[in-house]
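Undergrad: protein_18.csv (CSV, C-alpha atoms) pasted underneath:
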```csv
chain,number,residue,atom,x,y,z
A,380,MET,CA,-4.3,-108.8,-32.6
A,381,LYS,CA,-4.3,-105.6,-34.6
A,382,SER,CA,-0.6,-105.3,-34.2
A,383,LEU,CA,0.0,-108.7,-35.9
A,384,PRO,CA,-0.1,-107.4,-39.5
A,385,PHE,CA,2.5,-104.7,-38.5
A,386,ALA,CA,4.7,-107.3,-36.8
A,387,LEU,CA,4.4,-109.6,-39.9
A,388,ALA,CA,5.3,-106.7,-42.2
A,389,GLY,CA,8.2,-105.9,-39.9
A,390,VAL,CA,9.5,-109.4,-40.0
A,391,LEU,CA,9.2,-109.6,-43.8
A,392,LEU,CA,11.0,-106.3,-44.2
A,393,GLY,CA,13.8,-107.5,-41.9
A,394,VAL,CA,14.1,-110.8,-43.8
A,395,SER,CA,14.1,-109.0,-47.2
A,396,VAL,CA,16.9,-106.6,-46.0
A,397,SER,CA,19.0,-109.5,-44.6
A,398,GLY,CA,18.4,-111.4,-47.8
A,399,ALA,CA,19.6,-108.5,-49.9
A,400,LEU,CA,22.7,-108.2,-47.7
A,401,GLY,CA,23.3,-111.9,-48.1
A,402,ILE,CA,23.1,-111.7,-51.9
A,403,SER,CA,25.5,-108.8,-51.8
A,404,ALA,CA,28.0,-110.6,-49.6
A,405,GLY,CA,27.6,-113.7,-51.8
A,406,LEU,CA,28.3,-111.7,-55.0
A,407,GLU,CA,31.4,-110.3,-53.3
A,408,LYS,CA,32.6,-113.8,-52.4
A,409,MET,CA,31.9,-115.0,-55.9
A,410,ARG,CA,34.0,-112.1,-57.3
A,411,ALA,CA,36.9,-113.0,-54.9
A,412,ALA,CA,36.7,-116.7,-55.9
A,413,ARG,CA,36.8,-115.8,-59.6
A,414,GLN,CA,39.9,-113.7,-59.3
A,415,GLY,CA,42.5,-114.9,-61.7
A,416,TRP,CA,40.0,-117.2,-63.5
A,417,GLN,CA,38.1,-114.6,-65.5
A,418,LEU,CA,38.6,-115.4,-69.2
A,419,VAL,CA,40.5,-112.9,-71.3
A,420,PRO,CA,40.6,-113.3,-75.1
A,421,VAL,CA,44.0,-113.4,-76.8
A,422,VAL,CA,45.1,-113.9,-80.4
A,423,VAL,CA,46.2,-117.4,-81.3
A,424,ALA,CA,47.4,-119.0,-84.5
A,425,ALA,CA,44.5,-120.7,-86.3
A,426,VAL,CA,46.8,-123.0,-88.3
A,427,ASP,CA,50.5,-124.0,-88.1
A,428,LEU,CA,52.7,-121.1,-89.2
A,429,LYS,CA,56.3,-121.1,-90.2
A,430,ALA,CA,58.9,-118.5,-89.5
A,431,GLY,CA,58.7,-116.1,-92.5
A,432,ASP,CA,54.9,-116.6,-93.0
A,433,VAL,CA,52.9,-113.3,-93.4
A,434,VAL,CA,50.1,-113.0,-90.9
A,435,SER,CA,46.6,-112.4,-92.3
A,436,MET,CA,43.2,-112.5,-90.6
A,437,GLU,CA,42.6,-115.9,-92.1
A,438,VAL,CA,45.5,-117.6,-90.2
A,439,ILE,CA,44.7,-116.2,-86.7
A,440,SER,CA,41.8,-116.7,-84.3
A,441,GLN,CA,41.1,-115.8,-80.7
A,442,ARG,CA,40.8,-117.9,-77.6
A,443,ALA,CA,39.7,-117.1,-74.1
A,444,ILE,CA,42.1,-118.2,-71.4
A,445,PRO,CA,42.1,-117.5,-67.6
A,446,GLU,CA,43.6,-114.1,-66.9
A,447,GLN,CA,46.3,-115.4,-64.7
A,448,PHE,CA,47.9,-117.1,-67.7
A,449,VAL,CA,47.7,-113.9,-69.9
A,450,GLY,CA,50.8,-111.8,-70.0
A,451,PRO,CA,51.5,-108.4,-71.6
A,452,SER,CA,53.6,-110.1,-74.2
A,453,MET,CA,50.5,-111.7,-75.8
A,454,VAL,CA,48.6,-110.0,-78.6
A,455,ARG,CA,45.0,-109.1,-77.7
A,456,PRO,CA,42.2,-109.2,-80.3
A,457,ASP,CA,41.8,-105.4,-80.4
A,458,GLU,CA,45.5,-105.3,-81.4
A,459,ALA,CA,45.2,-107.8,-84.2
A,460,SER,CA,45.2,-105.2,-86.9
A,461,PHE,CA,48.8,-104.3,-85.9
A,462,ILE,CA,50.1,-107.7,-86.7
A,463,VAL,CA,48.3,-108.3,-90.0
A,464,ASP,CA,50.7,-108.2,-93.0
A,465,ARG,CA,53.7,-108.6,-90.7
A,466,ARG,CA,56.2,-111.4,-91.1
A,467,LEU,CA,56.7,-114.0,-88.3
A,468,THR,CA,60.3,-114.6,-87.2
A,469,THR,CA,59.4,-117.6,-85.1
A,470,PRO,CA,57.1,-120.6,-85.9
A,471,LEU,CA,53.7,-121.0,-84.2
A,472,LEU,CA,51.6,-124.1,-83.9
A,473,ALA,CA,47.8,-123.9,-84.3
A,474,GLY,CA,46.4,-122.8,-80.9
A,475,ASP,CA,49.7,-121.1,-79.8
A,476,ALA,CA,49.2,-117.5,-78.4
A,477,VAL,CA,50.7,-115.0,-80.7
A,478,LEU,CA,53.4,-113.0,-78.9
A,479,TRP,CA,54.8,-109.6,-79.9
A,480,ALA,CA,58.2,-111.3,-79.8
A,481,SER,CA,56.9,-113.5,-82.6
A,482,PHE,CA,57.8,-110.6,-85.0
A,483,LEU,CA,61.1,-109.5,-83.6
A,484,ASP,CA,64.2,-110.2,-85.6
A,485,PRO,CA,67.3,-109.1,-83.8
A,486,PRO,CA,70.1,-111.5,-84.2
A,487,TRP,CA,69.4,-113.1,-80.8
A,488,ALA,CA,65.8,-113.9,-81.8
A,489,SER,CA,66.8,-115.9,-84.9
A,490,ALA,CA,69.7,-117.5,-83.0
A,491,PHE,CA,67.4,-118.5,-80.2
A,492,SER,CA,64.9,-119.9,-82.7
A,493,ALA,CA,67.6,-121.9,-84.5
A,494,CYS,CA,68.9,-123.2,-81.2
A,495,VAL,CA,65.4,-124.4,-80.2
A,496,THR,CA,65.0,-126.1,-83.5
A,497,HIS,CA,68.3,-127.9,-83.0
A,498,VAL,CA,67.7,-128.8,-79.3
A,499,LYS,CA,64.1,-130.1,-79.4
A,500,PRO,CA,64.6,-133.3,-81.5
A,501,LEU,CA,67.7,-134.2,-79.4
A,502,VAL,CA,65.8,-133.8,-76.2
A,503,ASP,CA,62.8,-135.8,-77.5
A,504,ALA,CA,65.1,-138.6,-78.5
A,505,ARG,CA,66.8,-138.6,-75.1
A,506,ALA,CA,63.4,-138.7,-73.3
A,507,THR,CA,62.5,-141.9,-75.2
A,508,GLU,CA,65.9,-143.5,-74.3
A,509,VAL,CA,65.8,-142.8,-70.6
A,510,GLU,CA,65.0,-145.7,-68.3
A,511,PRO,CA,63.8,-143.9,-65.2
A,512,PRO,CA,65.6,-145.3,-62.2
A,513,ARG,CA,62.5,-145.4,-60.0
A,514,LEU,CA,60.3,-147.1,-62.5
A,515,ASP,CA,61.1,-150.7,-61.5
A,516,ALA,CA,60.2,-150.0,-57.9
A,517,VAL,CA,56.9,-148.5,-58.8
A,518,LYS,CA,56.1,-151.4,-61.1
A,519,ALA,CA,56.8,-153.8,-58.3
A,520,ASN,CA,54.6,-151.9,-55.9
A,521,ALA,CA,51.7,-151.8,-58.5
A,522,ARG,CA,52.1,-155.6,-59.1
A,523,SER,CA,51.1,-156.3,-55.5
A,524,PHE,CA,47.5,-155.0,-56.2
A,525,ASP,CA,45.9,-157.8,-58.2
A,526,GLY,CA,42.2,-158.2,-58.7
A,527,PRO,CA,39.5,-155.6,-58.7
A,528,PRO,CA,39.6,-153.1,-55.8
A,529,PRO,CA,36.8,-153.1,-53.3
A,530,ALA,CA,33.8,-150.9,-54.4
A,531,LEU,CA,33.4,-147.4,-53.2
A,532,ASP,CA,30.4,-146.0,-51.3
A,533,VAL,CA,28.9,-142.5,-51.3
A,534,PRO,CA,29.4,-141.0,-47.8
A,535,PRO,CA,25.8,-141.5,-46.5
A,536,ASP,CA,25.9,-138.6,-43.9
A,537,GLY,CA,27.8,-136.3,-46.3
A,538,ARG,CA,30.6,-135.8,-43.7
A,539,VAL,CA,33.8,-135.7,-45.8
A,540,VAL,CA,37.4,-134.6,-45.5
A,541,THR,CA,38.5,-131.2,-46.8
A,542,VAL,CA,41.8,-129.3,-46.7
A,543,ARG,CA,42.5,-126.3,-44.5
A,544,ARG,CA,45.4,-124.7,-46.4
A,545,THR,CA,47.0,-124.5,-49.8
A,546,LEU,CA,48.8,-127.8,-50.5
A,547,HIS,CA,51.2,-128.6,-53.3
A,548,GLU,CA,51.7,-131.6,-55.5
A,549,GLY,CA,54.0,-134.0,-53.6
A,550,ASP,CA,53.1,-132.8,-50.1
A,551,VAL,CA,52.6,-135.5,-47.5
A,552,LEU,CA,49.3,-134.9,-45.7
A,553,GLN,CA,49.4,-134.1,-42.0
A,554,ASP,CA,46.3,-134.4,-39.8
A,555,SER,CA,46.5,-130.6,-39.2
A,556,ASP,CA,46.1,-130.0,-42.9
A,557,LEU,CA,42.6,-131.6,-42.8
A,558,ALA,CA,39.1,-130.8,-41.6
A,559,VAL,CA,35.7,-132.3,-41.9
A,560,VAL,CA,32.7,-130.7,-43.6
A,561,THR,CA,29.2,-131.8,-44.3
A,562,VAL,CA,28.4,-131.5,-48.0
A,563,PRO,CA,24.9,-131.2,-49.5
A,564,PRO,CA,23.5,-134.3,-51.3
A,565,LEU,CA,24.2,-132.6,-54.6
A,566,LEU,CA,28.0,-133.0,-54.0
A,567,ARG,CA,28.1,-136.5,-52.6
A,568,VAL,CA,29.9,-138.8,-55.0
A,569,VAL,CA,31.9,-142.0,-54.4
A,570,SER,CA,35.3,-140.4,-54.8
A,571,LEU,CA,35.0,-138.3,-51.7
A,572,VAL,CA,37.0,-139.4,-48.6
A,573,PRO,CA,34.5,-140.0,-45.7
A,574,ALA,CA,35.2,-138.4,-42.4
A,575,SER,CA,35.5,-141.9,-40.9
A,576,GLU,CA,38.5,-142.6,-43.2
A,577,ARG,CA,40.5,-139.5,-42.2
A,578,PRO,CA,43.2,-141.5,-40.4
A,579,LEU,CA,43.8,-143.4,-43.6
A,580,VAL,CA,44.9,-140.4,-45.6
A,581,VAL,CA,47.2,-138.9,-43.0
A,582,GLY,CA,50.8,-139.6,-44.3
A,583,ALA,CA,49.6,-140.1,-47.9
A,584,ARG,CA,51.2,-138.2,-50.8
A,585,LEU,CA,49.1,-135.6,-52.6
A,586,LEU,CA,49.2,-135.8,-56.4
A,587,VAL,CA,47.6,-132.5,-57.1
A,588,GLU,CA,47.6,-128.9,-55.8
A,589,LEU,CA,44.7,-128.0,-53.6
A,590,GLU,CA,43.2,-124.8,-52.2
A,591,PRO,CA,41.7,-124.4,-48.8
A,592,GLY,CA,38.1,-125.8,-48.9
A,593,ASP,CA,38.8,-128.3,-51.7
A,594,LEU,CA,37.3,-131.6,-50.9
A,595,LEU,CA,39.8,-134.5,-50.7
A,596,ARG,CA,39.2,-137.3,-53.2
A,597,TRP,CA,40.8,-140.8,-53.3
A,598,GLN,CA,42.3,-140.3,-56.7
A,599,MET,CA,44.4,-137.4,-55.5
A,600,LEU,CA,46.4,-139.6,-53.1
A,601,ASP,CA,49.0,-142.3,-53.2
A,602,ASP,CA,51.3,-144.1,-50.8
A,603,ALA,CA,54.1,-141.7,-49.9
A,604,GLU,CA,56.9,-144.3,-49.6
A,605,ALA,CA,55.7,-146.8,-52.2
A,606,PRO,CA,53.8,-145.1,-55.1
A,607,SER,CA,51.6,-147.7,-56.7
A,608,THR,CA,49.1,-145.9,-58.9
A,609,VAL,CA,49.5,-144.6,-62.4
A,610,ALA,CA,49.3,-140.9,-61.3
A,611,GLY,CA,51.7,-141.7,-58.4
A,612,CYS,CA,54.1,-143.3,-60.9
A,613,GLU,CA,53.9,-140.2,-63.2
A,614,ALA,CA,54.6,-137.9,-60.3
A,615,THR,CA,57.6,-140.1,-59.2
A,616,VAL,CA,59.1,-141.2,-62.6
A,617,GLY,CA,58.2,-137.8,-64.2
A,618,LEU,CA,60.9,-136.3,-61.9
A,619,ASP,CA,63.5,-138.6,-63.4
A,620,LEU,CA,62.4,-137.8,-66.9
A,621,ALA,CA,62.3,-134.1,-66.3
A,622,ALA,CA,65.8,-134.2,-64.9
A,623,ALA,CA,67.0,-136.2,-67.9
A,624,ARG,CA,65.3,-133.7,-70.3
A,625,THR,CA,66.9,-130.8,-68.6
A,626,GLU,CA,70.3,-132.5,-68.8
A,627,ALA,CA,69.8,-133.3,-72.5
A,628,ALA,CA,68.6,-129.8,-73.3
A,629,ARG,CA,71.7,-128.3,-71.6
A,630,ALA,CA,74.0,-130.6,-73.5
A,631,ALA,CA,72.3,-130.0,-76.9
A,632,ALA,CA,72.3,-126.3,-76.4
A,633,LYS,CA,76.0,-126.3,-75.4
A,634,GLN,CA,76.8,-128.4,-78.5
A,635,TRP,CA,74.9,-125.9,-80.7
A,636,VAL,CA,76.6,-122.8,-79.2
A,637,ASP,CA,80.0,-124.5,-79.6
A,638,ARG,CA,79.3,-125.2,-83.2
A,639,GLN,CA,78.3,-121.5,-83.8
A,640,HIS,CA,81.6,-120.3,-82.5
A,641,GLN,CA,83.7,-122.7,-84.5
A,642,PRO,CA,85.7,-120.9,-87.3
A,643,LYS,CA,84.0,-121.5,-90.6
A,644,ASP,CA,87.3,-122.5,-92.3
A,645,THR,CA,88.1,-125.2,-89.7
A,646,PRO,CA,88.6,-128.4,-91.7
B,249,MET,CA,-1.1,-121.2,-36.2
B,250,SER,CA,-1.8,-121.0,-39.9
B,251,ARG,CA,-0.3,-117.4,-40.0
B,252,LEU,CA,2.8,-118.7,-38.2
B,253,GLY,CA,3.1,-121.5,-40.8
B,254,LEU,CA,2.8,-118.9,-43.6
B,255,LEU,CA,5.4,-116.8,-42.0
B,256,LEU,CA,7.8,-119.7,-41.7
B,257,LEU,CA,7.2,-120.6,-45.3
B,258,VAL,CA,8.0,-117.0,-46.5
B,259,VAL,CA,11.1,-116.9,-44.3
B,260,SER,CA,12.4,-120.3,-45.6
B,261,THR,CA,11.6,-119.3,-49.3
B,262,VAL,CA,13.4,-115.9,-49.0
B,263,SER,CA,16.5,-117.4,-47.2
B,264,SER,CA,16.8,-120.3,-49.7
B,265,ALA,CA,16.5,-117.8,-52.6
B,266,ALA,CA,19.3,-115.7,-51.1
B,267,GLU,CA,21.8,-118.6,-50.9
B,268,PRO,CA,24.5,-117.8,-53.4
B,269,VAL,CA,25.3,-120.4,-56.0
B,270,THR,CA,28.0,-120.7,-58.6
B,271,ALA,CA,27.9,-122.6,-61.9
B,272,VAL,CA,30.8,-125.1,-62.2
B,273,VAL,CA,31.7,-127.8,-64.8
B,274,VAL,CA,31.1,-131.4,-63.7
B,275,ALA,CA,31.7,-134.7,-65.4
B,276,ALA,CA,28.5,-135.8,-67.1
B,277,VAL,CA,29.9,-139.4,-67.4
B,278,ASP,CA,32.7,-141.3,-65.8
B,279,LEU,CA,36.0,-140.1,-67.2
B,280,PRO,CA,38.9,-142.6,-66.7
B,281,ALA,CA,42.4,-141.1,-66.5
B,282,GLY,CA,43.6,-140.1,-69.9
B,283,SER,CA,40.1,-139.2,-71.3
B,284,VAL,CA,39.9,-136.4,-73.8
B,285,ILE,CA,37.2,-133.9,-72.6
B,286,THR,CA,34.5,-133.0,-75.1
B,287,LEU,CA,31.4,-130.9,-74.4
B,288,GLU,CA,29.3,-134.0,-74.4
B,289,LYS,CA,31.3,-135.5,-71.5
B,290,VAL,CA,30.8,-132.5,-69.2
B,291,SER,CA,27.8,-130.7,-67.8
B,292,GLN,CA,27.3,-127.7,-65.5
B,293,ARG,CA,25.8,-127.7,-62.0
B,294,LEU,CA,24.9,-124.9,-59.6
B,295,LEU,CA,26.7,-125.4,-56.4
B,296,PRO,CA,26.4,-123.5,-53.1
B,297,THR,CA,29.2,-120.9,-53.5
B,298,GLU,CA,30.6,-121.8,-50.1
B,299,PHE,CA,31.7,-125.2,-51.6
B,300,VAL,CA,33.2,-123.7,-54.8
B,301,THR,CA,36.9,-123.1,-54.7
B,302,ARG,CA,39.3,-121.5,-57.1
B,303,SER,CA,40.5,-125.0,-58.1
B,304,MET,CA,37.1,-125.7,-59.8
B,305,VAL,CA,36.5,-125.0,-63.4
B,306,ARG,CA,33.6,-122.5,-63.7
B,307,SER,CA,31.0,-122.9,-66.4
B,308,ASP,CA,32.2,-119.8,-68.2
B,309,ALA,CA,35.6,-121.4,-68.7
B,310,ALA,CA,34.2,-124.7,-70.2
B,311,SER,CA,35.4,-123.9,-73.7
B,312,SER,CA,39.0,-123.7,-72.5
B,313,ILE,CA,39.1,-127.3,-71.2
B,314,VAL,CA,37.7,-128.9,-74.3
B,315,GLU,CA,40.1,-131.3,-76.0
B,316,GLN,CA,42.3,-131.4,-72.9
B,317,ARG,CA,43.2,-134.7,-71.4
B,318,THR,CA,42.5,-135.8,-67.8
B,319,ARG,CA,45.4,-137.0,-65.7
B,320,LEU,CA,43.2,-138.5,-62.9
B,321,PRO,CA,40.0,-140.5,-63.1
B,322,ILE,CA,36.8,-138.4,-62.5
B,323,VAL,CA,33.5,-140.0,-61.6
B,324,ALA,CA,30.2,-138.7,-63.0
B,325,GLY,CA,28.9,-135.7,-61.1
B,326,GLU,CA,32.3,-134.7,-59.7
B,327,PRO,CA,33.3,-131.1,-60.3
B,328,LEU,CA,36.3,-130.7,-62.6
B,329,LEU,CA,39.4,-129.2,-61.1
B,330,TRP,CA,42.1,-127.5,-63.1
B,331,THR,CA,44.6,-129.8,-61.5
B,332,TYR,CA,42.8,-132.8,-63.0
B,333,LEU,CA,43.9,-131.7,-66.5
B,334,GLU,CA,47.1,-132.8,-67.9
B,335,ALA,CA,49.7,-130.1,-67.4
B,336,SER,CA,52.8,-131.9,-68.4
B,337,PHE,CA,54.0,-134.8,-70.6
B,338,ARG,CA,52.6,-138.3,-69.9
B,339,VAL,CA,54.9,-141.0,-68.9
B,340,PRO,CA,54.1,-143.9,-71.2
B,341,ALA,CA,55.8,-146.4,-68.9
B,342,CYS,CA,53.4,-145.5,-66.1
B,343,ALA,CA,50.3,-145.9,-68.3
B,344,THR,CA,51.2,-149.6,-68.7
B,345,LEU,CA,50.5,-150.0,-64.9
B,346,GLU,CA,46.8,-149.2,-65.4
B,347,LYS,CA,44.7,-152.3,-64.5
B,348,ASP,CA,41.3,-150.7,-64.5
B,349,ASP,CA,39.5,-149.1,-67.4
B,350,ARG,CA,36.5,-147.7,-65.4
B,351,ALA,CA,36.9,-144.4,-63.6
B,352,GLU,CA,35.3,-145.7,-60.4
B,353,ALA,CA,37.6,-148.7,-60.3
B,354,GLN,CA,40.6,-146.4,-60.8
B,355,VAL,CA,39.5,-144.2,-57.9
B,356,ALA,CA,38.9,-147.3,-55.8
B,357,ARG,CA,42.5,-148.5,-56.5
B,358,HIS,CA,43.8,-145.3,-54.9
B,359,ARG,CA,41.8,-146.1,-51.7
B,360,GLN,CA,43.0,-149.7,-51.8
B,361,VAL,CA,46.6,-148.6,-51.9
B,362,LEU,CA,46.1,-146.5,-48.8
B,363,ARG,CA,44.3,-149.2,-47.0
B,364,THR,CA,47.1,-151.7,-47.7
B,365,ARG,CA,49.6,-149.1,-46.6
B,366,ARG,CA,47.9,-148.8,-43.2
B,367,ALA,CA,47.4,-152.6,-42.9
B,368,LYS,CA,51.2,-153.0,-43.3
B,369,ALA,CA,52.0,-150.2,-40.9
B,370,PRO,CA,53.6,-151.4,-37.6
```
When written as structure tokens, how does the structure in this file appear?

TA:
Amino acid sequence: MKSLPFALAGVLLGVSVSGALGISAGLEKMRAARQGWQLVPVVVAAVDLKAGDVVSMEVISQRAIPEQFVGPSMVRPDEASFIVDRRLTTPLLAGDAVLWASFLDPPWASAFSACVTHVKPLVDARATEVEPPRLDAVKANARSFDGPPPALDVPPDGRVVTVRRTLHEGDVLQDSDLAVVTVPPLLRVVSLVPASERPLVVGARLLVELEPGDLLRWQMLDDAEAPSTVAGCEATVGLDLAAARTEAARAAAKQWVDRQHQPKDTP
Amino acid sequence: MSRLGLLLLVVSTVSSAAEPVTAVVVAAVDLPAGSVITLEKVSQRLLPTEFVTRSMVRSDAASSIVEQRTRLPIVAGEPLLWTYLEASFRVPACATLEKDDRAEAQVARHRQVLRTRRAKAP
């Protein structure tokens, strides 16, 4: 019996050491998970600025954005003093990151800016004119779903579908992409796909990008052959519009370049 | 036996305290597709780190999602994913297809579409 306190102390010591190791491993996992999402401050325009405006501390601000979106061309807050009193050569909208290239004025910079100014309204106009070829089919699909949809339930046992690998927007789900995990009550919401519904999502089209371990949710999915939801429509019809925009941008830019090369004295 | 009970209590307390958690942004209310995110509409929740993926918006990034628009419905309590946020232009013609104004009904519509697909399958 005398050895019991020593045994108890030994167990407690062991538990404490394993707990500390667990915390250390957890912190390491947390650091890995955060990679790319740490926030980095950059200088942004606080108000709309025109080409030719002189930058002062009153017209700039700073905003923190995930590091994976920060490039070396962006001005950092500790470099703000270098851009004060300098003249912008390209316009910036409030919230736009200030780029070092915003102050360059070689001939190509002003030409590029002028071209963008010319192209943008033409492309915007074209986008409103386009009748996406696939829109009618999606509308017909959506019309077949009248009345309120059946109510959702929270998966009672917490067993839900998750993804095994990185999946991209537009992918069609295969059974091998999926796994089942049990989530704690804290995470159980009606949008999760219960394990019992796994066969239902095989063959569905994914509307978002997912990482391994992400839990699958109903709103991320649509019928692969007959898109019928608003998000599915945007993914499908958006491709038509993006193609039309690209085509319009190319045509407008070509028109602008042709005009620049026309002799000035042409009648 | 009472010493054993005490030991089990200590072990369970220590092991639960060691479980790593990460603070993520969750919807505080139902957010139908197209909602504009404000700080009042989101909250933060500590989740076991094993369930937190890079897709989720961490609490320390909450300020960068304010005033962004959601492209998919999100039900209250659901962690926000970066891919839920509108990344490209909206297609106005598609928005006219929306029949439901509640986030939960919008989510349920997606399940209904998949159930119908399977019912029609040969």

Undergrad: Please indicate the distance in Å from CA of Thr318 in chain B to CA of Gly282 in chain B, rounded to one decimal place.

TA: 4.9 Å

Undergrad: Between B:Val305, B:Leu329, B:Pro280, B:Pro268, which one has atoms that come closest to chain A, using only C-alpha atoms?

TA: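 That would be B:Pro268, the residue with the smallest distance to chain A.
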
Undergrad: Name the residues in contact with Ala574 in chain A at a cut-off of 8 Å, using all atoms listed in the file, excluding same-chain residues fewer than 2 positions from it; report them as an MDAnalysis selection string.

TA: chainID A and resid 538:540 559 572 576:577

Undergrad: Mind running chain B against chain A at 7 Å and telling me each contacting residue's nearest atom pair with the distance in Å (one decimal), counting only C-alpha atoms, chain and number ascending, as a tab-separated table?

TA:
```
residue	atom	partner	partner_atom	distance
B:Val259	CA	A:Val394	CA	6.8
B:Val262	CA	A:Gly398	CA	6.8
B:Ser263	CA	A:Gly398	CA	6.3
B:Ala266	CA	A:Gly398	CA	5.5
B:Pro268	CA	A:Gly405	CA	5.4
B:Thr297	CA	A:Met409	CA	6.9
B:Phe299	CA	A:Gly592	CA	7.0
B:Thr301	CA	A:Asp593	CA	6.3
B:Arg302	CA	A:Ala412	CA	5.6
B:Ser303	CA	A:Glu590	CA	6.5
B:Ala309	CA	A:Leu418	CA	6.7
B:Ser312	CA	A:Ile444	CA	6.4
B:Leu320	CA	A:Gln598	CA	6.5
B:Pro321	CA	A:Gln598	CA	6.8
B:Gly325	CA	A:Val568	CA	6.9
B:Glu326	CA	A:Val568	CA	6.7
B:Thr331	CA	A:Val587	CA	6.0
B:Val339	CA	A:Glu613	CA	5.8
B:Cys342	CA	A:Val609	CA	5.5
B:Ala343	CA	A:Val609	CA	6.1
B:Leu345	CA	A:Val609	CA	6.0
B:Glu346	CA	A:Val609	CA	6.1
B:Ala353	CA	A:Pro528	CA	6.6
B:Val355	CA	A:Gln598	CA	4.9
B:Ala356	CA	A:Pro528	CA	5.8
B:Arg357	CA	A:Pro528	CA	5.5
B:His358	CA	A:Gln598	CA	5.5
B:Arg359	CA	A:Trp597	CA	5.6
B:Gln360	CA	A:Pro528	CA	6.3
B:Val361	CA	A:Asp602	CA	6.6
B:Leu362	CA	A:Asp602	CA	6.1
B:Arg363	CA	A:Leu579	CA	6.7
B:Arg365	CA	A:Asp602	CA	6.7
B:Arg366	CA	A:Leu579	CA	6.8
```

Undergrad: Any idea what the distance is between CA of Gln441 in chain A and CA of Ser307 in chain B?

TA: 18.9 Å

Undergrad: Nearest to Ala351 in chain B among B:Thr364, B:Trp330, B:Arg319, B:Asp278, with distances taken over only C-alpha atoms: which residue is it?

TA: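 For Ala351 in chain B, the nearest of the given residues is B:Asp278.
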
Undergrad: Report the distance between CA of Gln316 in chain B and CA of Pro500 in chain A in Å, rounded to one decimal place.

TA: 24.0 Å

Undergrad: Can you tell me, as number ranges by chain, what residues are no more than 10 Å from Pro327 in chain B when counting all atoms listed in the file, ignoring any on the same chain fewer than 5 positions away?

TA: A: 566, 568; B: 272-276, 290-293, 295, 300, 303-306, 322

Undergrad: Taking (59.1, -113.8, -84.2) in the file's coordinates as the center, which residues reach within 7 Å of it, counting all atoms listed in the file, put as a ChimeraX atom specification?

TA: /A:467-469,480-484

Undergrad: Quick one: everything within 7 Å of Val277 in chain B, counting all atoms listed in the file, minus sequence neighbours fewer than 2 positions away in the same chain. Send it as an mmCIF file with C-alpha atoms, in the frame of the given file.

TA:
```cif
data_model
loop_
_atom_site.group_PDB
_atom_site.id
_atom_site.type_symbol
_atom_site.label_atom_id
_atom_site.label_comp_id
_atom_site.auth_asym_id
_atom_site.auth_seq_id
_atom_site.Cartn_x
_atom_site.Cartn_y
_atom_site.Cartn_z
ATOM 1 C CA ALA B 275 31.700 -134.700 -65.400
ATOM 2 C CA LEU B 279 36.000 -140.100 -67.200
ATOM 3 C CA LYS B 289 31.300 -135.500 -71.500
ATOM 4 C CA VAL B 323 33.500 -140.000 -61.600
ATOM 5 C CA ALA B 324 30.200 -138.700 -63.000
#
```
